[in-house]
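Below: the structure, in structure tokens.
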Amino acid sequence: MDIEKIIYESTREIYSLEDKLRIATIFLFCEKLGNSKLAELLYTDNHEKLILDITEEFNDYDVDFHINFSNSNVKSAFNKTLEKVKKVCDDNGYLKALFNKDEYALVIEGIVNYNFDKVEFKQFTKNIVQQLTFDFSS
């Protein structure tokens, strides 16, 4: 995803580098956390609450996620970034479906985020062999 390019373009109306970095921080952080958190950022109705929740959740990391929504330019730039990220990163509607807890999207997310490194290969293959074994005796 080219969120960096989107942020560069959509925050041009902000003169403060600090405000630009704050917008970039929340979008890039949510992107790195995964599709579920990015979907939540893109489609929540209350961005201020979400940002407070993320700040509280990752308080130990000393990252400041506060965005100055009282500044009209910052709020406008945030909303422009939000709309462009939706358009580019969710062109197929998967993130919206994930946010809406669509069963199919949740299953896909579970498959995509499954950590195969933690599964012992011998146990994994043993389970597959058991599942694929036919019982002709009955």
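Ligands are numbered from 1 in the order shown, chains are lettered A, B, ... in the order of the structure tokens, and residues start at 1 in each chain.
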
Distance query A:Phe29 at most 12 Å, only C-alpha atoms, self and fewer than 3 positions along chain excluded, as number ranges by chain: A: 3-4, 21-26, 32-35, 37-38, 41, 51, 54-55, 58, 61, 63-65

To test your reading of the structure, identify every residue in chain A that backbone DSSP assigns to helix (DSSP H, G or I), and report it as number ranges by chain. A: 3-10, 17-33, 35-43, 47-57, 59-61, 72-89, 94-99, 103-112, 116-118, 121-132

Quick one: residues within 10 Å of A:Asp2, only C-alpha atoms, excluding same-chain residues fewer than 6 positions away - as a PyMOL selection string? chain A and resi 85+88-89

Could you jot down the atom CA of A:Lys5 to atom CA of A:Asp19 separation for me, Å, one decimal place?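 Computing the Euclidean distance for atom CA of A:Lys5 and atom CA of A:Asp19 yields 16.2 Å.
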
Which residue, A:Leu50, A:Ala39, A:Ile67, A:Cys30, has the smallest gap to A:Tyr94 when you use only C-alpha atoms?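 Using only C-alpha atoms, A:Tyr94 sits closest to A:Ala39.
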
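Taking atom CA of A:Ile6 and atom CA of A:Phe69 as endpoints, the distance between them is 19.2 Å.
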
When distances are computed from only C-alpha atoms, which of A:Ile111, A:Leu98, A:Leu42, A:Ile14 shows the smallest separation from A:Asn68? A:Ile14

Write out as a ChimeraX atom specification the residues lying within 12 Å of A:Asn71, counting only C-alpha atoms and excluding same-chain residues fewer than 5 positions away. /A:13-16,19,76-78

Of the listed residues A:Lys87, A:Arg12, A:His66, A:Ser36, that which approaches A:Ile108 most closely, counting only C-alpha atoms: A:Ser36

Measuring between only C-alpha atoms, which one of A:Glu109, A:Glu18, A:Glu9, A:Asp62 shows the shortest distance to A:Leu82? A:Glu9

For a test of reading the model, state the distance in Å between atom CA of A:Lys96 and atom CA of A:Asn46, rounded to one decimal.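 Separation of atom CA of A:Lys96 and atom CA of A:Asn46: 15.4 Å.
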